[in-house]
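Colleague: Have a peek at structure_30.pdb (PDB, C-alpha atoms).
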```pdb
ATOM      1  CA  MET A   1     -37.384 -39.475  45.778
ATOM      2  CA  THR A   2     -38.136 -43.181  45.203
ATOM      3  CA  SER A   3     -36.846 -45.403  42.405
ATOM      4  CA  ALA A   4     -40.321 -45.434  40.869
ATOM      5  CA  ASP A   5     -40.295 -41.671  40.578
ATOM      6  CA  LEU A   6     -36.932 -41.825  38.859
ATOM      7  CA  ARG A   7     -38.264 -44.342  36.343
ATOM      8  CA  THR A   8     -41.377 -42.305  35.554
ATOM      9  CA  ARG A   9     -39.614 -38.909  35.441
ATOM     10  CA  PRO A  10     -39.108 -37.762  31.837
ATOM     11  CA  ALA A  11     -35.535 -37.469  30.712
ATOM     12  CA  ARG A  12     -34.148 -33.929  30.330
ATOM     13  CA  PRO A  13     -33.308 -32.967  26.774
ATOM     14  CA  THR A  14     -29.625 -32.716  26.004
ATOM     15  CA  VAL A  15     -28.647 -29.145  25.196
ATOM     16  CA  SER A  16     -25.631 -28.512  23.056
ATOM     17  CA  PRO A  17     -23.130 -26.117  24.656
ATOM     18  CA  LEU A  18     -22.787 -24.314  21.321
ATOM     19  CA  PRO A  19     -25.281 -21.679  20.180
ATOM     20  CA  ALA A  20     -27.854 -22.739  17.642
ATOM     21  CA  ALA A  21     -26.267 -20.525  14.969
ATOM     22  CA  ARG A  22     -22.940 -22.337  15.340
ATOM     23  CA  ARG A  23     -24.235 -25.900  15.327
ATOM     24  CA  ALA A  24     -23.085 -27.810  12.292
ATOM     25  CA  ARG A  25     -25.936 -28.841  10.063
ATOM     26  CA  PRO A  26     -25.942 -32.390   8.701
ATOM     27  CA  GLY A  27     -24.106 -32.693   5.441
ATOM     28  CA  VAL A  28     -22.557 -29.195   5.649
ATOM     29  CA  GLN A  29     -18.796 -28.969   5.983
ATOM     30  CA  ARG A  30     -17.513 -26.176   8.214
ATOM     31  CA  GLY A  31     -14.246 -24.297   7.822
ATOM     32  CA  PRO A  32     -12.608 -22.385   4.972
ATOM     33  CA  ASN A  33     -12.190 -24.119   1.666
ATOM     34  CA  LEU A  34      -9.670 -22.258  -0.475
ATOM     35  CA  THR A  35      -9.333 -24.903  -3.205
ATOM     36  CA  LEU A  36     -11.716 -26.756  -5.480
ATOM     37  CA  GLY A  37     -12.340 -29.440  -2.881
ATOM     38  CA  PRO A  38     -10.781 -31.581  -0.145
ATOM     39  CA  THR A  39      -9.340 -34.203  -2.491
ATOM     40  CA  ARG A  40      -5.763 -34.282  -3.670
ATOM     41  CA  THR A  41      -6.826 -33.815  -7.296
ATOM     42  CA  ALA A  42      -8.745 -30.659  -6.439
ATOM     43  CA  ARG A  43      -5.828 -29.221  -4.497
ATOM     44  CA  THR A  44      -3.470 -30.021  -7.364
ATOM     45  CA  LEU A  45      -5.745 -28.289  -9.870
ATOM     46  CA  GLY A  46      -6.021 -25.239  -7.587
ATOM     47  CA  LEU A  47      -2.259 -24.952  -7.165
ATOM     48  CA  ALA A  48      -1.740 -25.440 -10.909
ATOM     49  CA  ALA A  49      -4.177 -22.594 -11.656
ATOM     50  CA  LEU A  50      -2.370 -20.335  -9.185
ATOM     51  CA  ALA A  51       0.972 -21.221 -10.763
ATOM     52  CA  VAL A  52      -0.322 -20.347 -14.239
ATOM     53  CA  LEU A  53      -1.643 -17.006 -12.999
ATOM     54  CA  ALA A  54       1.698 -16.289 -11.303
ATOM     55  CA  VAL A  55       3.570 -16.983 -14.536
ATOM     56  CA  ILE A  56       1.207 -14.718 -16.484
ATOM     57  CA  TRP A  57       1.751 -11.957 -13.906
ATOM     58  CA  LEU A  58       5.553 -12.343 -13.940
ATOM     59  CA  LEU A  59       5.924 -12.574 -17.731
ATOM     60  CA  PRO A  60       5.785  -8.782 -18.419
ATOM     61  CA  MET A  61       8.310  -8.164 -15.649
ATOM     62  CA  ALA A  62      10.659 -10.792 -17.064
ATOM     63  CA  TRP A  63      10.309  -9.263 -20.533
ATOM     64  CA  ALA A  64      11.134  -5.803 -19.175
ATOM     65  CA  VAL A  65      14.258  -7.070 -17.387
ATOM     66  CA  LEU A  66      15.452  -8.982 -20.476
ATOM     67  CA  THR A  67      14.890  -5.954 -22.713
ATOM     68  CA  ALA A  68      16.823  -3.711 -20.335
ATOM     69  CA  PHE A  69      19.947  -5.852 -20.801
ATOM     70  CA  LYS A  70      19.771  -5.808 -24.614
ATOM     71  CA  SER A  71      21.150  -3.423 -27.183
ATOM     72  CA  GLU A  72      18.715  -1.146 -28.995
ATOM     73  CA  GLN A  73      18.994  -3.244 -32.155
ATOM     74  CA  ASP A  74      18.236  -6.509 -30.359
ATOM     75  CA  ALA A  75      15.437  -4.885 -28.335
ATOM     76  CA  SER A  76      13.606  -4.172 -31.618
ATOM     77  CA  ASP A  77      14.229  -7.650 -33.038
ATOM     78  CA  PRO A  78      11.113  -9.824 -32.609
ATOM     79  CA  VAL A  79      12.971 -12.994 -33.626
ATOM     80  CA  HIS A  80      15.560 -13.029 -30.819
ATOM     81  CA  TRP A  81      13.286 -11.688 -28.115
ATOM     82  CA  ILE A  82      14.543 -14.135 -25.456
ATOM     83  CA  TRP A  83      18.260 -14.465 -26.187
ATOM     84  CA  PRO A  84      19.713 -11.419 -28.004
ATOM     85  CA  GLN A  85      21.892 -12.026 -31.040
ATOM     86  CA  ALA A  86      24.666  -9.746 -29.758
ATOM     87  CA  GLY A  87      24.393 -10.956 -26.167
ATOM     88  CA  PHE A  88      23.383  -9.093 -23.064
ATOM     89  CA  THR A  89      24.867  -5.676 -22.339
ATOM     90  CA  LEU A  90      24.669  -2.819 -19.836
ATOM     91  CA  ASP A  91      24.614  -0.133 -22.530
ATOM     92  CA  GLY A  92      20.998   0.762 -21.768
ATOM     93  CA  PHE A  93      21.707   1.456 -18.108
ATOM     94  CA  ARG A  94      24.924   3.305 -18.936
ATOM     95  CA  THR A  95      23.225   5.518 -21.533
ATOM     96  CA  VAL A  96      20.327   6.387 -19.246
ATOM     97  CA  ILE A  97      22.664   7.390 -16.431
ATOM     98  CA  GLU A  98      24.878   9.450 -18.747
ATOM     99  CA  ARG A  99      22.114  11.265 -20.657
ATOM    100  CA  GLY A 100      19.670  11.964 -17.854
ATOM    101  CA  ASP A 101      20.113  13.057 -14.270
ATOM    102  CA  LEU A 102      18.911   9.666 -13.078
ATOM    103  CA  LEU A 103      20.602   9.776  -9.686
ATOM    104  CA  LEU A 104      19.177  13.238  -9.020
ATOM    105  CA  TRP A 105      15.695  12.088 -10.023
ATOM    106  CA  MET A 106      15.996   9.051  -7.765
ATOM    107  CA  TRP A 107      17.017  11.279  -4.869
ATOM    108  CA  ASN A 108      14.077  13.607  -5.561
ATOM    109  CA  SER A 109      11.686  10.650  -5.646
ATOM    110  CA  PHE A 110      13.086   9.277  -2.400
ATOM    111  CA  PHE A 111      12.966  12.668  -0.644
ATOM    112  CA  VAL A 112       9.447  13.451  -1.840
ATOM    113  CA  SER A 113       8.143   9.949  -1.058
ATOM    114  CA  ALA A 114       9.718   9.918   2.407
ATOM    115  CA  ALA A 115       8.359  13.380   3.244
ATOM    116  CA  VAL A 116       4.888  12.488   1.967
ATOM    117  CA  THR A 117       4.953   9.260   3.997
ATOM    118  CA  VAL A 118       5.999  10.942   7.252
ATOM    119  CA  VAL A 119       3.451  13.769   6.995
ATOM    120  CA  THR A 120       0.613  11.530   5.779
ATOM    121  CA  VAL A 121       1.083   8.901   8.492
ATOM    122  CA  ALA A 122       1.411  11.538  11.224
ATOM    123  CA  VAL A 123      -1.702  13.456  10.154
ATOM    124  CA  SER A 124      -3.757  10.331   9.411
ATOM    125  CA  ALA A 125      -2.845   8.681  12.719
ATOM    126  CA  ALA A 126      -3.731  11.818  14.687
ATOM    127  CA  ALA A 127      -7.011  12.228  12.816
ATOM    128  CA  GLY A 128      -7.857   8.548  13.194
ATOM    129  CA  TYR A 129      -7.242   8.730  16.950
ATOM    130  CA  ALA A 130      -9.395  11.847  17.235
ATOM    131  CA  PHE A 131     -12.288  10.183  15.399
ATOM    132  CA  SER A 132     -11.912   6.965  17.385
ATOM    133  CA  ARG A 133     -11.249   8.102  20.963
ATOM    134  CA  THR A 134     -12.497  11.664  21.376
ATOM    135  CA  VAL A 135     -15.954  13.214  21.370
ATOM    136  CA  PHE A 136     -16.448  16.704  19.948
ATOM    137  CA  ARG A 137     -19.194  18.611  18.220
ATOM    138  CA  GLY A 138     -19.601  17.668  14.575
ATOM    139  CA  ARG A 139     -17.444  14.543  14.823
ATOM    140  CA  ARG A 140     -19.853  12.316  12.900
ATOM    141  CA  VAL A 141     -20.410  14.881  10.167
ATOM    142  CA  LEU A 142     -16.679  15.481   9.770
ATOM    143  CA  PHE A 143     -15.945  11.752   9.640
ATOM    144  CA  ALA A 144     -18.706  11.272   7.065
ATOM    145  CA  LEU A 145     -17.160  13.993   4.904
ATOM    146  CA  THR A 146     -13.766  12.330   5.281
ATOM    147  CA  VAL A 147     -15.145   9.005   4.104
ATOM    148  CA  ALA A 148     -17.069  10.677   1.265
ATOM    149  CA  SER A 149     -13.879  12.382   0.049
ATOM    150  CA  VAL A 150     -12.480   8.952  -0.763
ATOM    151  CA  LEU A 151     -14.871   8.888  -3.736
ATOM    152  CA  VAL A 152     -13.336  12.067  -5.224
ATOM    153  CA  PRO A 153     -10.777  11.191  -7.942
ATOM    154  CA  PRO A 154      -7.413  12.925  -7.451
ATOM    155  CA  GLN A 155      -7.500  14.087 -11.081
ATOM    156  CA  MET A 156     -10.407  16.402 -10.233
ATOM    157  CA  LEU A 157      -8.243  18.182  -7.653
ATOM    158  CA  ILE A 158      -5.357  19.020  -9.975
ATOM    159  CA  VAL A 159      -6.675  22.470 -10.926
ATOM    160  CA  PRO A 160      -7.594  23.550  -7.349
ATOM    161  CA  TRP A 161      -4.253  22.305  -6.059
ATOM    162  CA  PHE A 162      -2.348  24.167  -8.750
ATOM    163  CA  GLN A 163      -4.286  27.372  -8.056
ATOM    164  CA  GLN A 164      -3.457  27.047  -4.376
ATOM    165  CA  MET A 165       0.220  26.575  -5.144
ATOM    166  CA  LEU A 166       0.136  29.668  -7.374
ATOM    167  CA  THR A 167      -1.541  31.685  -4.632
ATOM    168  CA  LEU A 168       1.034  30.559  -2.072
ATOM    169  CA  ASP A 169       3.901  31.087  -4.566
ATOM    170  CA  LEU A 170       5.063  27.488  -4.145
ATOM    171  CA  VAL A 171       5.219  26.365  -7.777
ATOM    172  CA  ASP A 172       8.547  24.754  -8.705
ATOM    173  CA  THR A 173       9.360  23.929  -5.089
ATOM    174  CA  TYR A 174       9.499  20.732  -3.079
ATOM    175  CA  ALA A 175       6.564  21.956  -0.991
ATOM    176  CA  ALA A 176       4.355  22.094  -4.082
ATOM    177  CA  VAL A 177       5.175  18.489  -4.911
ATOM    178  CA  ILE A 178       4.814  17.194  -1.343
ATOM    179  CA  LEU A 179       1.911  18.979   0.346
ATOM    180  CA  PRO A 180      -1.039  18.024  -1.925
ATOM    181  CA  GLN A 181       0.005  14.364  -1.803
ATOM    182  CA  THR A 182      -0.351  14.255   1.974
ATOM    183  CA  VAL A 183      -4.164  14.326   1.713
ATOM    184  CA  ALA A 184      -5.124  10.674   2.262
ATOM    185  CA  PRO A 185      -8.652  10.227   3.688
ATOM    186  CA  VAL A 186      -8.578   6.487   3.080
ATOM    187  CA  MET A 187      -5.630   6.188   5.483
ATOM    188  CA  VAL A 188      -7.576   8.155   8.090
ATOM    189  CA  PHE A 189     -10.436   5.690   7.745
ATOM    190  CA  ILE A 190      -8.132   2.653   8.002
ATOM    191  CA  LEU A 191      -6.335   3.933  11.100
ATOM    192  CA  LYS A 192      -9.593   4.992  12.739
ATOM    193  CA  LYS A 193     -10.999   1.494  12.334
ATOM    194  CA  HIS A 194      -7.744   0.056  13.672
ATOM    195  CA  PHE A 195      -7.829   2.260  16.780
ATOM    196  CA  ASP A 196     -11.405   1.092  17.372
ATOM    197  CA  THR A 197     -10.121  -2.469  17.840
ATOM    198  CA  ILE A 198      -7.690  -1.539  20.641
ATOM    199  CA  PRO A 199      -9.255  -2.320  24.067
ATOM    200  CA  ARG A 200     -10.389   0.740  25.951
ATOM    201  CA  GLU A 201      -9.160  -0.774  29.210
ATOM    202  CA  LEU A 202      -5.616   0.165  28.197
ATOM    203  CA  GLU A 203      -6.687   3.763  27.698
ATOM    204  CA  GLU A 204      -8.503   3.817  31.023
ATOM    205  CA  ALA A 205      -5.448   2.424  32.802
ATOM    206  CA  ALA A 206      -3.320   5.177  31.312
ATOM    207  CA  ARG A 207      -5.839   7.797  32.427
ATOM    208  CA  LEU A 208      -5.633   6.478  35.989
ATOM    209  CA  ASP A 209      -1.909   7.213  35.835
ATOM    210  CA  GLY A 210      -2.688  10.806  34.835
ATOM    211  CA  ALA A 211      -2.059  10.522  31.087
ATOM    212  CA  GLY A 212      -3.866  12.833  28.684
ATOM    213  CA  HIS A 213      -4.823  12.365  25.055
ATOM    214  CA  LEU A 214      -1.366  13.233  23.736
ATOM    215  CA  ARG A 215       0.405  10.841  26.104
ATOM    216  CA  ILE A 216      -2.082   8.048  25.421
ATOM    217  CA  PHE A 217      -1.727   8.568  21.669
ATOM    218  CA  TRP A 218       2.072   8.586  21.795
ATOM    219  CA  SER A 219       2.767   5.955  24.475
ATOM    220  CA  VAL A 220      -0.177   3.550  24.113
ATOM    221  CA  MET A 221      -1.814   3.755  20.704
ATOM    222  CA  LEU A 222       1.208   4.151  18.445
ATOM    223  CA  PRO A 223       3.308   1.322  19.985
ATOM    224  CA  LEU A 224       0.334  -1.033  19.677
ATOM    225  CA  SER A 225      -0.207   0.007  16.051
ATOM    226  CA  ARG A 226       3.295  -0.538  14.678
ATOM    227  CA  PRO A 227       2.320  -3.268  12.165
ATOM    228  CA  MET A 228      -0.576  -1.183  10.827
ATOM    229  CA  LEU A 229       1.543   1.983  10.710
ATOM    230  CA  ALA A 230       4.262   0.091   8.839
ATOM    231  CA  ALA A 231       1.752  -1.217   6.284
ATOM    232  CA  VAL A 232       0.209   2.236   5.798
ATOM    233  CA  SER A 233       3.676   3.758   5.417
ATOM    234  CA  ILE A 234       4.613   1.253   2.721
ATOM    235  CA  PHE A 235       1.422   1.873   0.756
ATOM    236  CA  VAL A 236       1.814   5.657   0.993
ATOM    237  CA  PHE A 237       5.500   5.473   0.006
ATOM    238  CA  ILE A 238       4.765   3.320  -3.043
ATOM    239  CA  GLY A 239       1.921   5.596  -4.121
ATOM    240  CA  ALA A 240       4.079   8.715  -3.806
ATOM    241  CA  TRP A 241       6.993   7.060  -5.616
ATOM    242  CA  ASN A 242       4.815   6.049  -8.573
ATOM    243  CA  ASN A 243       2.861   9.300  -8.743
ATOM    244  CA  PHE A 244       3.391  10.958 -12.115
ATOM    245  CA  LEU A 245       0.579  13.413 -12.783
ATOM    246  CA  TRP A 246       0.937  15.857  -9.891
ATOM    247  CA  PRO A 247       4.781  16.093  -9.918
ATOM    248  CA  PHE A 248       4.543  16.620 -13.679
ATOM    249  CA  VAL A 249       2.029  19.473 -13.266
ATOM    250  CA  SER A 250       3.492  21.157 -10.197
ATOM    251  CA  THR A 251       7.060  21.645 -11.415
ATOM    252  CA  SER A 252       8.929  22.284 -14.645
ATOM    253  CA  ASP A 253      12.404  22.556 -13.114
ATOM    254  CA  PRO A 254      14.558  19.541 -14.142
ATOM    255  CA  ALA A 255      16.317  19.719 -10.781
ATOM    256  CA  LEU A 256      12.992  18.991  -9.009
ATOM    257  CA  MET A 257      11.724  16.232 -11.298
ATOM    258  CA  THR A 258      10.910  12.894  -9.772
ATOM    259  CA  LEU A 259      11.870   9.633 -11.422
ATOM    260  CA  PRO A 260       8.605   8.978 -13.352
ATOM    261  CA  VAL A 261       8.647  12.517 -14.747
ATOM    262  CA  GLY A 262      12.351  12.362 -15.569
ATOM    263  CA  ILE A 263      12.036   9.056 -17.403
ATOM    264  CA  THR A 264       9.285  10.536 -19.573
ATOM    265  CA  ALA A 265      11.461  13.555 -20.341
ATOM    266  CA  VAL A 266      14.333  11.349 -21.466
ATOM    267  CA  LYS A 267      12.032   9.287 -23.674
ATOM    268  CA  ASP A 268      10.549  12.364 -25.330
ATOM    269  CA  ALA A 269      13.960  13.972 -25.896
ATOM    270  CA  TYR A 270      15.733  10.990 -27.440
ATOM    271  CA  GLY A 271      12.894   9.112 -29.115
ATOM    272  CA  VAL A 272      11.534   5.676 -28.322
ATOM    273  CA  ASN A 273      14.471   3.529 -27.255
ATOM    274  CA  TYR A 274      13.108   0.309 -25.834
ATOM    275  CA  ALA A 275      16.253  -0.851 -24.054
ATOM    276  CA  GLN A 276      16.786   2.524 -22.377
ATOM    277  CA  THR A 277      13.123   2.827 -21.433
ATOM    278  CA  MET A 278      13.116  -0.619 -19.839
ATOM    279  CA  ALA A 279      16.421   0.084 -18.100
ATOM    280  CA  SER A 280      14.935   3.242 -16.605
ATOM    281  CA  SER A 281      11.822   1.345 -15.537
ATOM    282  CA  VAL A 282      13.873  -1.385 -13.868
ATOM    283  CA  LEU A 283      15.922   1.191 -11.958
ATOM    284  CA  ALA A 284      12.734   2.985 -10.930
ATOM    285  CA  ALA A 285      11.101  -0.220  -9.670
ATOM    286  CA  LEU A 286      14.159  -1.557  -7.857
ATOM    287  CA  PRO A 287      13.749   0.584  -4.683
ATOM    288  CA  LEU A 288      10.102  -0.454  -4.392
ATOM    289  CA  VAL A 289      11.032  -4.110  -4.663
ATOM    290  CA  LEU A 290      13.609  -3.698  -1.903
ATOM    291  CA  VAL A 291      11.111  -1.879   0.318
ATOM    292  CA  PHE A 292       8.542  -4.627  -0.123
ATOM    293  CA  VAL A 293      11.078  -7.421   0.440
ATOM    294  CA  PHE A 294      12.326  -5.940   3.720
ATOM    295  CA  PHE A 295       8.919  -4.888   5.093
ATOM    296  CA  GLN A 296       6.499  -7.475   3.720
ATOM    297  CA  ARG A 297       6.144  -9.182   7.100
ATOM    298  CA  HIS A 298       4.676  -5.986   8.517
ATOM    299  CA  ILE A 299       2.022  -5.992   5.789
ATOM    300  CA  VAL A 300       1.121  -9.626   6.455
ATOM    301  CA  LYS A 301       1.032  -9.037  10.212
ATOM    302  CA  SER A 302      -1.180  -5.975   9.860
ATOM    303  CA  VAL A 303      -3.661  -7.884   7.682
ATOM    304  CA  ALA A 304      -3.692 -10.825  10.112
ATOM    305  CA  THR A 305      -4.199  -8.719  13.250
ATOM    306  CA  THR A 306      -6.973  -6.517  11.842
ATOM    307  CA  GLY A 307      -9.161  -9.242  10.359
ATOM    308  CA  LEU A 308      -8.744  -8.066   6.759
ATOM    309  CA  GLY A 309      -7.700 -11.545   5.757
ATOM    310  CA  GLY A 310     -11.089 -13.058   6.508
ATOM    311  CA  GLN A 311     -10.187 -14.218  10.009
TER     312      GLN A 311
END
```
Once more with this new file: its structure as structure tokens, please.
Modeller:
Amino acid sequence: MTSADLRTRPARPTVSPLPAARRARPGVQRGPNLTLGPTRTARTLGLAALAVLAVIWLLPMAWAVLTAFKSEQDASDPVHWIWPQAGFTLDGFRTVIERGDLLLWMWNSFFVSAAVTVVTVAVSAAAGYAFSRTVFRGRRVLFALTVASVLVPPQMLIVPWFQQMLTLDLVDTYAAVILPQTVAPVMVFILKKHFDTIPRELEEAARLDGAGHLRIFWSVMLPLSRPMLAAVSIFVFIGAWNNFLWPFVSTSDPALMTLPVGITAVKDAYGVNYAQTMASSVLAALPLVLVFVFFQRHIVKSVATTGLGGQ
């Protein structure tokens, strides 16, 4: 090829290595923008708005804690609602513990919540693995029914559940309080979608070593899903701990009452005592706060690894 041919040959167009969909358009800024703009003023305004919302969210909690450490007379005094006239006291906590079986109710709530969490996570994980990794007749129809059951409010199932407990002669037992709460189709859906993200090459490697479905589920899937399982366990535990309606319907024995039901019984028996009610609420919320403080990193990690955070 001569130099004249090189001069007359048209130049090849430059092709960007990025796909056309990912090329930045002129004047359009790429990347997430979580504030009002890139300037310092915009960031300051965004952080100030978040701080105001945080204060608004924390104000009822602060009021509940302050009321719990007041006497009943100061709790009803609208003038000294911040600093009580008689000072702070532990009479509300002491009265609640002495009048009601608070420790027994806390143990019942912990036992019921732990049992519900273990059974729900075990059943949901097994069902999610079956929907994600196995093929059987009617799998799509059954999964569609599972997803559709998420739309059914739990309040509509109270009567059928209670009739089942009567038929099985389980009313006023721990089984009656625990078993209906283990039905969690939304957790099946979440775990199924999580198992879908695990590479199938790991499963195929385990099959080459002679592993079956049970071994793959136990030795491959569950260890890789620890952050998601921890997050699901926390959500199920909190939901079971705060559940009031079904434990209230399924049992009338004071020895089987959970903490939300027991607190209501104390309030109805001794009238509306604001300091005692807030003291009971603070004691009821304290275990949940501790659970979240110790396991919050698992929740953040599960959201980050599954793409739920917009990544």
Colleague: For A:Val282, work out the shell of residues within 12 Å, counting only C-alpha atoms and skipping chain neighbours fewer than 3 positions away, then give it as a list in words.
Modeller: Pro60, Met61, Ala62, Trp63, Ala64, Val65, Leu66, Thr67, Ala68, Phe69, Gly92, Phe93, Val96, Leu259, Pro260, Ile263, Ala275, Gln276, Thr277, Met278, Ala279, Ala285, Leu286, Pro287, Leu288 and Val289 of chain A
Colleague: Tell me, in Å to one decimal, how far atom CA of A:Asp172 is from atom CA of A:Thr251.
Modeller: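 So the answer is 4.4 Å.
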Colleague: Put a box with edges along x, y and z around all the listed atoms of stretch 46-61 of chain A, pad it by 3 Å on each side, then give me its centre and sizes in Å, one decimal, as AutoDock Vina command-line options.
Modeller:
```
--center_x 1.1 --center_y -16.8 --center_z -12.8 --size_x 20.3 --size_y 23.3 --size_z 17.3
```
Colleague: Show me as number ranges by chain the residues that reach within 12 Å of (21.8, -0.4, -30.1), counting only C-alpha atoms and using the file's own coordinates.
Modeller: A: 67-77, 84-92, 95, 273-276
Colleague: Need the shell around A:Leu145: protein/DNA/RNA residues with any atom at most 12 Å away, counting only C-alpha atoms. Skip same-chain ones fewer than 6 positions apart. Format as an MDAnalysis selection string?
Modeller: chainID A and resid 138:139 151:152 185:186 188:189
Colleague: With C-alpha atoms kept, could you save the residues just selected as a short mmCIF file (atom, residue, chain, number, x, y, z; two decimals), in the frame of the given file?
Modeller:
```
data_model
loop_
_atom_site.label_atom_id
_atom_site.label_comp_id
_atom_site.auth_asym_id
_atom_site.auth_seq_id
_atom_site.Cartn_x
_atom_site.Cartn_y
_atom_site.Cartn_z
CA GLY A 138 -19.60 17.67 14.58
CA ARG A 139 -17.44 14.54 14.82
CA LEU A 151 -14.87 8.89 -3.74
CA VAL A 152 -13.34 12.07 -5.22
CA PRO A 185 -8.65 10.23 3.69
CA VAL A 186 -8.58 6.49 3.08
CA VAL A 188 -7.58 8.15 8.09
CA PHE A 189 -10.44 5.69 7.74
#
```
Colleague: Quote the spacing between atom CA of A:Thr39 and atom CA of A:Val55 in Å to one decimal place.
Modeller: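 A separation of 24.7 Å between them.
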Colleague: As a check of understanding, name the residues that the PyMOL selection byres ((chain A and resi 116) around 8) selects in the supplied structure, as a ChimeraX atom specification.
Modeller: /A:112-115,117-120,178-179,181-182,236-237,240
Colleague: What does the PyMOL selection byres ((chain A and resi 187) around 12) select in this file, as an MDAnalysis selection string?
Modeller: chainID A and resid 117 119:129 146:147 149:150 182:186 188:194 228:229 231:236
Colleague: What separation in Å, quoted to one decimal, exists between atom CA of A:Phe217 and atom CA of A:Phe143?
Modeller: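 The value is 18.9 Å.
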Colleague: Place N, CA, C and O atoms on stretch 164-176 of chain A and deliver the coordinates as a PDB file, in the frame of the given file.
Modeller:
```pdb
ATOM      1  N   GLN A 164      -3.941  26.801  -5.727  1.00  0.00           N
ATOM      2  CA  GLN A 164      -3.457  27.047  -4.376  1.00  0.00           C
ATOM      3  C   GLN A 164      -1.943  27.237  -4.353  1.00  0.00           C
ATOM      4  O   GLN A 164      -1.427  28.118  -3.653  1.00  0.00           O
ATOM      5  N   MET A 165      -1.234  26.421  -5.102  1.00  0.00           N
ATOM      6  CA  MET A 165       0.220  26.575  -5.144  1.00  0.00           C
ATOM      7  C   MET A 165       0.617  27.904  -5.773  1.00  0.00           C
ATOM      8  O   MET A 165       1.595  28.541  -5.352  1.00  0.00           O
ATOM      9  N   LEU A 166      -0.134  28.355  -6.799  1.00  0.00           N
ATOM     10  CA  LEU A 166       0.136  29.668  -7.374  1.00  0.00           C
ATOM     11  C   LEU A 166      -0.134  30.785  -6.369  1.00  0.00           C
ATOM     12  O   LEU A 166       0.642  31.747  -6.266  1.00  0.00           O
ATOM     13  N   THR A 167      -1.210  30.664  -5.621  1.00  0.00           N
ATOM     14  CA  THR A 167      -1.541  31.685  -4.632  1.00  0.00           C
ATOM     15  C   THR A 167      -0.482  31.752  -3.534  1.00  0.00           C
ATOM     16  O   THR A 167      -0.104  32.852  -3.084  1.00  0.00           O
ATOM     17  N   LEU A 168       0.016  30.601  -3.118  1.00  0.00           N
ATOM     18  CA  LEU A 168       1.034  30.559  -2.072  1.00  0.00           C
ATOM     19  C   LEU A 168       2.446  30.732  -2.601  1.00  0.00           C
ATOM     20  O   LEU A 168       3.406  30.717  -1.802  1.00  0.00           O
ATOM     21  N   ASP A 169       2.586  30.908  -3.932  1.00  0.00           N
ATOM     22  CA  ASP A 169       3.901  31.087  -4.566  1.00  0.00           C
ATOM     23  C   ASP A 169       4.825  29.899  -4.256  1.00  0.00           C
ATOM     24  O   ASP A 169       5.994  30.065  -3.884  1.00  0.00           O
ATOM     25  N   LEU A 170       4.297  28.701  -4.434  1.00  0.00           N
ATOM     26  CA  LEU A 170       5.063  27.488  -4.145  1.00  0.00           C
ATOM     27  C   LEU A 170       5.346  26.646  -5.384  1.00  0.00           C
ATOM     28  O   LEU A 170       5.899  25.549  -5.257  1.00  0.00           O
ATOM     29  N   VAL A 171       4.978  27.138  -6.563  1.00  0.00           N
ATOM     30  CA  VAL A 171       5.219  26.365  -7.777  1.00  0.00           C
ATOM     31  C   VAL A 171       6.724  26.233  -7.999  1.00  0.00           C
ATOM     32  O   VAL A 171       7.495  27.168  -7.734  1.00  0.00           O
ATOM     33  N   ASP A 172       7.139  25.075  -8.496  1.00  0.00           N
ATOM     34  CA  ASP A 172       8.547  24.754  -8.705  1.00  0.00           C
ATOM     35  C   ASP A 172       9.318  24.730  -7.391  1.00  0.00           C
ATOM     36  O   ASP A 172      10.465  25.197  -7.303  1.00  0.00           O
ATOM     37  N   THR A 173       8.701  24.160  -6.377  1.00  0.00           N
ATOM     38  CA  THR A 173       9.360  23.929  -5.089  1.00  0.00           C
ATOM     39  C   THR A 173       9.014  22.531  -4.609  1.00  0.00           C
ATOM     40  O   THR A 173       8.053  21.901  -5.081  1.00  0.00           O
ATOM     41  N   TYR A 174       9.798  22.038  -3.657  1.00  0.00           N
ATOM     42  CA  TYR A 174       9.499  20.732  -3.079  1.00  0.00           C
ATOM     43  C   TYR A 174       8.159  20.747  -2.346  1.00  0.00           C
ATOM     44  O   TYR A 174       7.445  19.740  -2.329  1.00  0.00           O
ATOM     45  N   ALA A 175       7.829  21.861  -1.724  1.00  0.00           N
ATOM     46  CA  ALA A 175       6.564  21.956  -0.991  1.00  0.00           C
ATOM     47  C   ALA A 175       5.372  21.748  -1.911  1.00  0.00           C
ATOM     48  O   ALA A 175       4.373  21.122  -1.525  1.00  0.00           O
ATOM     49  N   ALA A 176       5.460  22.267  -3.133  1.00  0.00           N
ATOM     50  CA  ALA A 176       4.355  22.094  -4.082  1.00  0.00           C
ATOM     51  C   ALA A 176       4.173  20.637  -4.474  1.00  0.00           C
ATOM     52  O   ALA A 176       3.056  20.181  -4.718  1.00  0.00           O
TER      53      ALA A 176
END
```
